[in-house]
>>> print(open('model-v8.cif').read())   # mmCIF, C-alpha atoms and all ligand atoms
data_work
#
loop_
_atom_site.label_atom_id
_atom_site.label_comp_id
_atom_site.auth_asym_id
_atom_site.auth_seq_id
_atom_site.Cartn_x
_atom_site.Cartn_y
_atom_site.Cartn_z
CA PRO D 1 93.61 118.42 155.59
CA ALA D 2 92.51 118.31 151.93
CA PRO D 3 95.34 118.89 149.46
CA ARG D 4 95.57 122.36 148.00
CA THR D 5 98.89 122.61 146.18
CA VAL D 6 99.11 119.99 143.46
CA LEU D 7 101.88 119.30 140.97
CA LEU D 8 100.38 118.52 137.56
CA THR D 9 102.90 116.69 135.36
CA GLY D 10 102.22 116.52 131.64
CA ALA D 11 100.51 119.89 131.96
CA ALA D 12 101.18 120.83 128.30
CA GLY D 13 99.36 117.76 126.96
CA GLY D 14 95.74 117.26 125.97
CA LEU D 15 94.48 116.09 129.34
CA GLY D 16 96.83 118.42 131.20
CA THR D 17 95.42 121.38 129.29
CA LEU D 18 91.86 120.32 130.07
CA MET D 19 92.70 119.87 133.75
CA ARG D 20 94.52 123.21 133.94
CA GLY D 21 91.21 124.73 132.96
CA LEU D 22 88.97 122.71 135.26
CA LEU D 23 90.81 121.86 138.49
CA PRO D 24 91.34 125.41 139.83
CA ARG D 25 87.52 125.57 140.29
CA TYR D 26 87.92 123.00 143.03
CA GLY D 27 90.29 125.34 144.85
CA TYR D 28 93.58 123.75 143.83
CA GLU D 29 96.69 125.73 143.28
CA LEU D 30 98.47 123.96 140.44
CA ARG D 31 102.19 123.76 139.89
CA LEU D 32 102.81 122.75 136.27
CA LEU D 33 105.53 120.58 134.79
CA ASP D 34 106.14 119.33 131.27
CA LEU D 35 108.95 118.55 128.87
CA LEU D 36 107.53 121.31 126.68
CA PRO D 37 107.07 124.94 127.64
CA ILE D 38 103.46 126.03 128.10
CA GLU D 39 102.31 129.20 126.40
CA GLY D 40 101.02 131.78 128.83
CA GLU D 41 102.41 129.90 131.83
CA PRO D 42 105.80 131.45 132.56
CA ASP D 43 106.02 129.73 135.95
CA ALA D 44 105.58 126.24 134.55
CA ILE D 45 108.56 123.96 135.14
CA THR D 46 110.10 122.73 131.90
CA ALA D 47 111.78 119.46 132.77
CA ASP D 48 112.21 115.88 131.63
CA LEU D 49 111.07 113.03 133.89
CA GLY D 50 114.68 111.83 133.56
CA ASP D 51 115.91 114.83 135.53
CA LYS D 52 115.82 113.64 139.14
CA GLU D 53 116.97 116.93 140.64
CA ALA D 54 114.30 118.88 138.79
CA LEU D 55 111.66 116.42 139.97
CA ARG D 56 112.73 116.75 143.60
CA GLU D 57 112.47 120.48 143.37
CA ALA D 58 109.12 120.24 141.58
CA VAL D 59 107.49 118.07 144.26
CA ARG D 60 108.97 119.98 147.21
CA GLY D 61 106.15 121.42 149.30
CA VAL D 62 103.19 120.12 147.26
CA ASP D 63 100.37 118.23 148.95
CA ALA D 64 99.86 115.82 146.07
CA VAL D 65 100.81 115.05 142.47
CA ILE D 66 98.64 114.29 139.46
CA HIS D 67 101.03 112.38 137.22
CA LEU D 68 100.03 112.68 133.57
CA ALA D 69 103.44 113.12 131.95
CA GLY D 70 104.74 110.44 129.65
CA ILE D 71 104.23 108.88 126.26
CA SER D 72 100.50 108.49 125.82
CA LEU D 73 100.36 106.08 122.88
CA GLU D 74 102.28 103.04 121.68
CA SER D 75 105.95 103.68 120.94
CA SER D 76 109.21 101.77 120.87
CA PHE D 77 110.12 99.88 124.03
CA ASP D 78 113.19 102.08 124.57
CA LYS D 79 111.18 105.27 124.55
CA ILE D 80 108.47 103.84 126.80
CA LEU D 81 111.16 102.54 129.16
CA LYS D 82 112.72 105.98 129.55
CA ALA D 83 109.65 108.20 129.79
CA ASN D 84 107.01 105.99 131.38
CA ILE D 85 108.85 103.34 133.37
CA GLU D 86 112.01 105.13 134.55
CA GLY D 87 110.21 108.48 134.52
CA THR D 88 107.42 107.27 136.80
CA TYR D 89 109.96 105.63 139.11
CA ASN D 90 111.90 108.92 139.27
CA LEU D 91 108.73 110.78 140.17
CA TYR D 92 107.84 108.31 142.96
CA GLU D 93 111.35 108.49 144.38
CA ALA D 94 111.25 112.28 144.37
CA ALA D 95 107.84 112.21 146.09
CA ARG D 96 109.05 109.73 148.70
CA GLU D 97 112.17 111.75 149.42
CA GLU D 98 110.19 114.97 149.78
CA GLY D 99 107.42 113.42 151.89
CA VAL D 100 104.55 113.89 149.42
CA ARG D 101 101.53 111.97 150.70
CA ARG D 102 99.57 111.10 147.57
CA ILE D 103 99.90 110.60 143.83
CA VAL D 104 97.08 110.30 141.34
CA PHE D 105 98.53 108.17 138.57
CA ALA D 106 97.19 108.32 135.01
CA SER D 107 96.97 104.62 134.25
CA SER D 108 95.06 103.50 131.19
CA ASN D 109 92.49 101.05 129.92
CA HIS D 110 95.43 99.66 127.91
CA ALA D 111 96.84 98.05 131.08
CA ILE D 112 93.91 95.66 130.68
CA GLY D 113 93.38 96.16 126.96
CA PHE D 114 93.23 92.48 126.01
CA THR D 115 90.25 91.93 128.30
CA PRO D 116 87.28 90.91 126.13
CA ARG D 117 84.64 93.59 126.05
CA PRO D 118 81.36 92.61 127.67
CA ARG D 119 78.59 91.67 125.27
CA GLY D 120 74.88 91.42 125.93
CA ASP D 121 74.25 90.65 129.58
CA ASP D 122 77.92 89.97 130.42
CA PRO D 123 78.98 91.56 133.71
CA LEU D 124 80.97 94.79 133.59
CA ILE D 125 84.77 94.36 133.73
CA PRO D 126 85.71 94.44 137.42
CA VAL D 127 88.63 96.49 138.66
CA ASP D 128 90.42 93.37 139.90
CA THR D 129 90.37 91.74 136.48
CA PRO D 130 93.84 90.30 135.68
CA ARG D 131 95.99 92.84 133.90
CA ARG D 132 96.39 92.13 130.18
CA PRO D 133 98.39 94.97 128.62
CA ASP D 134 97.88 95.41 124.90
CA THR D 135 101.06 97.36 124.05
CA PHE D 136 104.44 98.34 125.53
CA TYR D 137 102.52 101.47 126.47
CA GLY D 138 99.94 99.39 128.36
CA LEU D 139 102.78 97.42 129.98
CA SER D 140 104.21 100.68 131.32
CA LYS D 141 100.85 101.49 132.92
CA SER D 142 100.74 98.01 134.42
CA PHE D 143 104.23 98.68 135.82
CA GLY D 144 103.02 102.02 137.18
CA GLU D 145 100.19 100.32 139.05
CA ASP D 146 102.64 97.83 140.57
CA LEU D 147 105.03 100.63 141.44
CA ALA D 148 102.16 102.44 143.19
CA GLN D 149 101.25 99.35 145.21
CA PHE D 150 104.91 98.90 146.17
CA TYR D 151 105.32 102.49 147.32
CA TRP D 152 102.19 102.14 149.45
CA ASP D 153 103.25 98.83 150.99
CA LYS D 154 106.87 99.79 151.51
CA HIS D 155 106.72 103.53 152.16
CA GLY D 156 103.11 104.49 152.93
CA LEU D 157 102.91 106.74 149.86
CA GLU D 158 99.28 106.68 148.68
CA THR D 159 98.14 106.40 145.06
CA VAL D 160 94.90 106.35 143.18
CA SER D 161 95.59 104.70 139.83
CA VAL D 162 92.99 105.92 137.37
CA ARG D 163 92.65 103.64 134.36
CA ILE D 164 91.47 106.37 132.08
CA GLY D 165 89.24 105.32 129.21
CA SER D 166 89.18 108.13 126.63
CA CYS D 167 89.17 111.63 128.07
CA PHE D 168 88.57 114.06 125.25
CA ALA D 169 86.06 116.84 124.66
CA GLU D 170 83.85 114.40 122.72
CA PRO D 171 83.91 110.68 121.90
CA THR D 172 85.13 110.12 118.33
CA SER D 173 84.55 106.38 117.81
CA VAL D 174 81.90 103.79 118.56
CA ARG D 175 84.27 102.13 121.02
CA MET D 176 84.69 105.42 122.86
CA LEU D 177 80.96 105.47 123.57
CA SER D 178 81.74 102.78 126.15
CA VAL D 179 84.93 104.21 127.70
CA TRP D 180 84.53 107.98 127.26
CA MET D 181 85.20 110.23 130.21
CA SER D 182 84.02 113.80 129.73
CA PRO D 183 86.62 116.37 130.81
CA GLU D 184 84.23 117.57 133.55
CA ASP D 185 83.86 114.02 134.89
CA GLY D 186 87.64 113.69 134.63
CA ALA D 187 88.04 116.69 136.92
CA ARG D 188 85.39 115.25 139.28
CA LEU D 189 87.27 111.97 139.43
CA PHE D 190 90.67 113.59 140.00
CA HIS D 191 89.14 115.74 142.74
CA ALA D 192 87.67 112.64 144.40
CA ALA D 193 91.03 110.87 144.07
CA LEU D 194 92.79 113.80 145.74
CA THR D 195 90.36 114.18 148.63
CA ALA D 196 89.04 110.72 149.56
CA GLU D 197 90.42 109.46 152.83
CA ASP D 198 92.52 106.38 153.36
CA VAL D 199 92.95 105.37 149.73
CA ARG D 200 96.12 103.27 150.27
CA HIS D 201 96.56 102.11 146.66
CA THR D 202 93.19 102.17 144.96
CA VAL D 203 92.67 101.29 141.30
CA VAL D 204 89.65 102.84 139.61
CA HIS D 205 88.18 102.83 136.16
CA GLY D 206 87.93 106.31 134.72
CA SER D 207 84.91 107.09 132.58
CA SER D 208 81.58 108.83 132.57
CA ALA D 209 78.38 106.94 133.42
CA ASN D 210 77.96 105.83 129.83
CA THR D 211 74.84 103.92 128.77
CA ARG D 212 77.14 101.51 126.89
CA LEU D 213 79.61 101.21 129.76
CA TRP D 214 82.02 98.22 129.65
CA TRP D 215 83.62 98.46 133.06
CA ASP D 216 82.71 98.73 136.70
CA LEU D 217 82.93 102.17 138.31
CA SER D 218 82.29 101.05 141.89
CA THR D 219 85.79 101.74 143.26
CA ALA D 220 85.68 105.21 141.70
CA ARG D 221 82.26 105.85 143.22
CA ALA D 222 83.58 104.65 146.58
CA LEU D 223 86.02 107.60 146.49
CA GLY D 224 83.03 109.93 146.21
CA TYR D 225 83.06 110.24 142.41
CA GLN D 226 79.62 110.94 141.00
CA PRO D 227 79.82 111.02 137.21
CA GLN D 228 77.36 113.40 135.59
CA ASP D 229 77.88 112.68 131.89
CA ASP D 230 76.98 109.96 129.38
CA SER D 231 78.24 109.54 125.81
CA GLU D 232 74.83 108.40 124.56
CA PRO D 233 73.88 111.68 122.86
CA TYR D 234 76.83 111.07 120.48
CA ALA D 235 75.82 107.47 119.68
CA GLU D 236 73.47 107.92 116.77
CA LYS D 237 75.83 110.07 114.73
CA LEU D 238 78.93 107.93 115.41
CA ILE D 239 77.13 104.69 114.59
CA ALA D 240 75.69 106.19 111.40
CA GLU D 241 79.21 107.22 110.34
CA GLN D 242 81.19 104.19 111.47
CA GLY D 243 78.73 101.31 111.85
CA GLU D 244 78.11 99.14 114.91
CA LEU D 245 81.00 97.26 116.53
CA ASP D 246 81.73 94.17 114.43
CA PRO D 247 81.81 90.96 116.52
CA ASP D 248 84.19 89.38 113.98
CA ASN D 249 86.73 92.20 114.20
CA PRO D 250 89.31 91.44 116.91
CA ALA D 251 89.94 95.17 117.38
CA HIS D 252 86.27 95.55 118.32
CA ASP D 253 86.30 92.58 120.63
CA HIS D 254 88.63 93.88 123.32
CA LEU D 255 88.57 96.77 125.74
CA GLY D 256 91.77 98.17 124.19
CA GLY D 257 90.32 98.37 120.67
CA HIS D 258 92.84 98.88 117.87
CA PHE D 259 95.73 98.96 120.37
CA THR D 260 95.32 95.16 120.52
CA THR D 261 95.74 94.73 116.77
CA ASP D 262 98.08 97.55 115.72
CA PRO D 263 101.55 96.21 114.85
CA PRO D 264 104.18 96.85 117.52
CA VAL D 265 106.48 99.81 117.01
CA TRP D 266 109.97 98.65 116.04
CA PRO D 267 112.69 98.35 117.08
CA TYR D 268 111.71 96.62 120.30
P1 LIG P 301 99.59 113.87 125.79
O1 LIG P 301 100.55 113.08 124.96
O2 LIG P 301 98.76 114.91 125.14
O3 LIG P 301 100.38 114.56 127.00
C1 LIG P 301 101.46 113.98 127.64
C2 LIG P 301 102.39 115.09 128.08
O4 LIG P 301 103.51 114.50 128.75
C3 LIG P 301 102.94 115.91 126.91
O5 LIG P 301 102.70 117.30 127.11
C4 LIG P 301 104.42 115.60 126.90
O6 LIG P 301 105.24 116.71 126.53
C5 LIG P 301 104.67 115.19 128.34
N1 LIG P 301 105.83 114.32 128.45
C6 LIG P 301 106.12 113.23 127.68
N2 LIG P 301 107.31 112.71 128.04
C7 LIG P 301 107.77 113.47 129.06
C8 LIG P 301 108.96 113.44 129.82
N3 LIG P 301 109.90 112.52 129.62
N4 LIG P 301 109.12 114.38 130.78
C9 LIG P 301 108.18 115.34 130.99
N5 LIG P 301 107.04 115.42 130.28
C10 LIG P 301 106.84 114.49 129.33
O7 LIG P 301 98.67 112.79 126.52
P2 LIG P 301 97.26 113.00 127.26
O8 LIG P 301 96.20 112.50 126.39
O9 LIG P 301 97.20 114.36 127.80
O10 LIG P 301 97.41 111.95 128.47
C11 LIG P 301 97.95 112.32 129.71
C12 LIG P 301 98.23 111.07 130.53
O11 LIG P 301 97.03 110.33 130.71
C13 LIG P 301 99.23 110.13 129.88
O12 LIG P 301 100.01 109.52 130.90
C14 LIG P 301 98.35 109.08 129.23
O13 LIG P 301 99.01 107.84 129.11
C15 LIG P 301 97.18 109.02 130.20
N6 LIG P 301 95.95 108.59 129.57
C16 LIG P 301 95.26 109.48 128.78
C17 LIG P 301 94.08 109.09 128.19
C18 LIG P 301 93.23 110.05 127.43
O14 LIG P 301 92.13 109.68 127.06
N7 LIG P 301 93.67 111.28 127.19
C19 LIG P 301 93.58 107.71 128.32
C20 LIG P 301 94.38 106.87 129.18
C21 LIG P 301 95.52 107.32 129.78
C1 LIG P 302 95.04 105.99 126.01
O1 LIG P 302 95.64 105.42 126.90
C2 LIG P 302 95.65 107.11 125.25
O2 LIG P 302 96.54 107.88 126.03
C3 LIG P 302 94.60 108.02 124.63
O3 LIG P 302 95.25 108.86 123.66
C4 LIG P 302 93.50 107.21 123.95
O4 LIG P 302 94.03 106.50 122.88
C5 LIG P 302 92.87 106.27 124.95
O5 LIG P 302 93.83 105.49 125.62
C6 LIG P 302 91.85 105.31 124.33
O6 LIG P 302 91.92 104.11 124.57
O7 LIG P 302 90.95 105.81 123.63
#
>>> encode(input="model-v8.cif", output="structure tokens", more="lines below")
Ligand code: NAI
Ligand code: 15L
Amino acid sequence: PAPRTVLLTGAAGGLGTLMRGLLPRYGYELRLLDLLPIEGEPDAITADLGDKEALREAVRGVDAVIHLAGISLESSFDKILKANIEGTYNLYEAAREEGVRRIVFASSNHAIGFTPRPRGDDPLIPVDTPRRPDTFYGLSKSFGEDLAQFYWDKHGLETVSVRIGSCFAEPTSVRMLSVWMSPEDGARLFHAALTAEDVRHTVVHGSSANTRLWWDLSTARALGYQPQDDSEPYAEKLIAEQGELDPDNPAHDHLGGHFTTDPPVWPY
């Protein structure tokens, strides 16, 4: 049967807030969890991903989990280790122990951020491109994808790892024209990831059907995802404000953009 009760971790965050608004339309009953309390949501679970007992209780009885919680930008290795690496492990262990069948994992384009962006007639970046994390943050997403594969192979716990591009109300940079996922397409993709059959561990690229697309959406489409949006209407204004991508700027030359060139956050 299709999942109905879904635990949404990171529900207080930007994407979590968007999905709290959009996913109930698909018939899901959401259980919310975040480190931070959520205004107007007295039933939300306020817990840290480090709290194993709280996680076990949070996943008990749900059909699936959408795992968004964690640090969503570059940070120090220690912080990423705790929230994203140990935290995601704790969530998978809780799900395994409680018999949850499926997790939708918020991976990121930054797991493959050092992949050169396609130019001209270059082929789109395939989903099986070697991982090339651009930050400790991207490394934690690469770990999460491996963890997901391991929990499928070892324990039969299914995951769809969604390498999200940029899911915001609107694209705000020229790079985002290529990786933008509209919130509505985000909800369509999460719904497909929750309901497709026999996903084992599937990795998908998460964006709208952008005219300037850099990556291949075929594994997402194979889940039943049919993107409806395109960033192109935003192109003229963004290019007028910011200029075209500069082929001599290394930050413009890779999928991960400025994440590839920003200095690391110290201390390691
Ligand atoms: P966000 O930073 O707005 O939200 C993350 C949420 O996780 C926050 O509410 C925070 O309180 C919570 N959180 C952090 N550490 C936690 C912990 N130890 N225990 C419990 N909760 C914790 O980030 P956003 O943009 O909403 O992203 C959500 C997820 O999607 C993140 O995993 C991010 O890496 C991923 N992602 C998002 C993209 C986007 O375009 N928004 C792009 C690629 C990936
Ligand atoms: C991410 O992984 C971040 O979580 C998000 O805040 C954006 O920076 C996005 O990637 C992006 O690459 O635009």
>>> residues_around(input="model-v8.cif", residues="segment 185-190 of chain D", least_positions_apart="6", cutoff="9 Å", atoms="all atoms listed in the file", output="number ranges by chain")
D: 15, 18-19, 22-23, 26, 66, 104, 160, 162, 164, 167, 206-208, 220-221, 223-229
>>> residues_near_ligand(input="model-v8.cif", ligand="ligand LIG 302 (chain P)", cutoff="9 Å", atoms="all atoms listed in the file", output="PyMOL selection string")
chain D and resi 14+71-74+106-111+113+137-138+141+163-168+171-173+175-176+179-180+255-259
>>> atom_distance(input="model-v8.cif", atom1="atom CA of Asp216 of chain D", atom2="atom CA of Tyr151 of chain D")
25.3 Å
>>> closest_residue(input="model-v8.cif", among="D:Glu86, D:Glu197, D:Asp134, D:Glu98", to="Leu147 of chain D", atoms="all atoms listed in the file")
D:Glu86
>>> residues_around(input="model-v8.cif", residues="Thr88 of chain D", least_positions_apart="2", cutoff="10 Å", atoms="all atoms listed in the file", output="number ranges by chain")
D: 49-50, 67-70, 81-86, 90-94, 105, 140-141, 143-144, 147-148
>>> closest_residue(input="model-v8.cif", among="D:His201, D:Arg102, D:Arg119, D:Arg132", to="Thr5 of chain D", atoms="only C-alpha atoms")
D:Arg102
>>> residues_near_point(input="model-v8.cif", point="(79.7, 118.7, 124.2)", cutoff="12 Å", atoms="only C-alpha atoms", output="MDAnalysis selection string")
chainID D and resid 168:172 181:184 229:234
>>> axis_aligned_box(input="model-v8.cif", around="ligand LIG 301 (chain P)", padding_each_side="6 Å", output="lines of an AutoDock Vina configuration file")
center_x = 101.0
center_y = 112.1
center_z = 128.0
size_x = 29.8
size_y = 22.4
size_z = 18.0
>>> closest_residue(input="model-v8.cif", among="D:Ala47, D:Leu194, D:Ala2, D:Ala54", to="ligand LIG 301 (chain P)", atoms="only C-alpha atoms and all ligand atoms")
D:Ala47
>>> atom_distance(input="model-v8.cif", atom1="atom O9 of ligand LIG 301 (chain P)", atom2="atom CA of Thr195 of chain D")
21.9 Å
>>> decode(input="model-v8.cif", residues="segment 194-258 of chain D", atoms="C-alpha atoms", output="short mmCIF file (atom, residue, chain, number, x, y, z; two decimals), in the first residue's frame")
data_model
loop_
_atom_site.label_atom_id
_atom_site.label_comp_id
_atom_site.auth_asym_id
_atom_site.auth_seq_id
_atom_site.Cartn_x
_atom_site.Cartn_y
_atom_site.Cartn_z
CA LEU D 194 7.41 7.81 -1.74
CA THR D 195 5.09 5.89 -4.05
CA ALA D 196 7.18 4.30 -6.82
CA GLU D 197 7.49 0.57 -6.46
CA ASP D 198 10.65 -1.40 -5.96
CA VAL D 199 13.07 1.50 -5.65
CA ARG D 200 15.80 -0.43 -3.77
CA HIS D 201 18.34 2.40 -3.51
CA THR D 202 17.71 4.83 -6.34
CA VAL D 203 19.67 8.05 -6.82
CA VAL D 204 17.91 10.84 -8.68
CA HIS D 205 18.71 14.38 -9.66
CA GLY D 206 16.22 16.83 -8.23
CA SER D 207 15.29 19.79 -10.38
CA SER D 208 12.61 21.18 -12.61
CA ALA D 209 12.71 20.62 -16.38
CA ASN D 210 14.87 23.69 -16.87
CA THR D 211 15.76 24.85 -20.38
CA ARG D 212 19.37 25.26 -19.18
CA LEU D 213 19.42 21.90 -17.38
CA TRP D 214 22.87 20.48 -16.51
CA TRP D 215 21.94 17.02 -15.32
CA ASP D 216 19.98 13.99 -16.38
CA LEU D 217 16.52 13.53 -14.86
CA SER D 218 15.86 10.06 -16.27
CA THR D 219 16.02 8.13 -12.98
CA ALA D 220 13.65 10.66 -11.42
CA ARG D 221 11.26 10.32 -14.36
CA ALA D 222 11.47 6.54 -14.03
CA LEU D 223 9.90 6.92 -10.57
CA GLY D 224 6.94 8.65 -12.21
CA TYR D 225 8.15 12.22 -11.66
CA GLN D 226 6.84 14.60 -14.30
CA PRO D 227 8.32 18.04 -13.70
CA GLN D 228 6.03 20.89 -14.72
CA ASP D 229 8.25 23.93 -14.19
CA ASP D 230 11.19 25.62 -15.92
CA SER D 231 13.39 28.45 -14.61
CA GLU D 232 13.59 30.10 -18.03
CA PRO D 233 11.12 32.91 -17.30
CA TYR D 234 13.63 34.16 -14.67
CA ALA D 235 16.62 34.04 -17.05
CA GLU D 236 16.50 37.44 -18.67
CA LYS D 237 16.33 39.37 -15.42
CA LEU D 238 19.01 37.31 -13.64
CA ILE D 239 21.42 37.52 -16.57
CA ALA D 240 20.85 41.27 -16.89
CA GLU D 241 21.67 41.67 -13.18
CA GLN D 242 24.53 39.20 -12.84
CA GLY D 243 25.92 38.59 -16.32
CA GLU D 244 26.35 35.26 -18.13
CA LEU D 245 28.38 32.47 -16.51
CA ASP D 246 32.07 33.25 -16.99
CA PRO D 247 34.01 30.32 -18.51
CA ASP D 248 37.20 31.57 -16.81
CA ASN D 249 35.66 31.60 -13.34
CA PRO D 250 36.20 28.22 -11.63
CA ALA D 251 33.09 28.78 -9.50
CA HIS D 252 31.07 28.97 -12.71
CA ASP D 253 32.70 25.93 -14.21
CA HIS D 254 31.41 23.27 -11.83
CA LEU D 255 28.01 21.96 -10.87
CA GLY D 256 28.59 23.00 -7.25
CA GLY D 257 29.25 26.66 -8.11
CA HIS D 258 30.82 28.75 -5.34
#
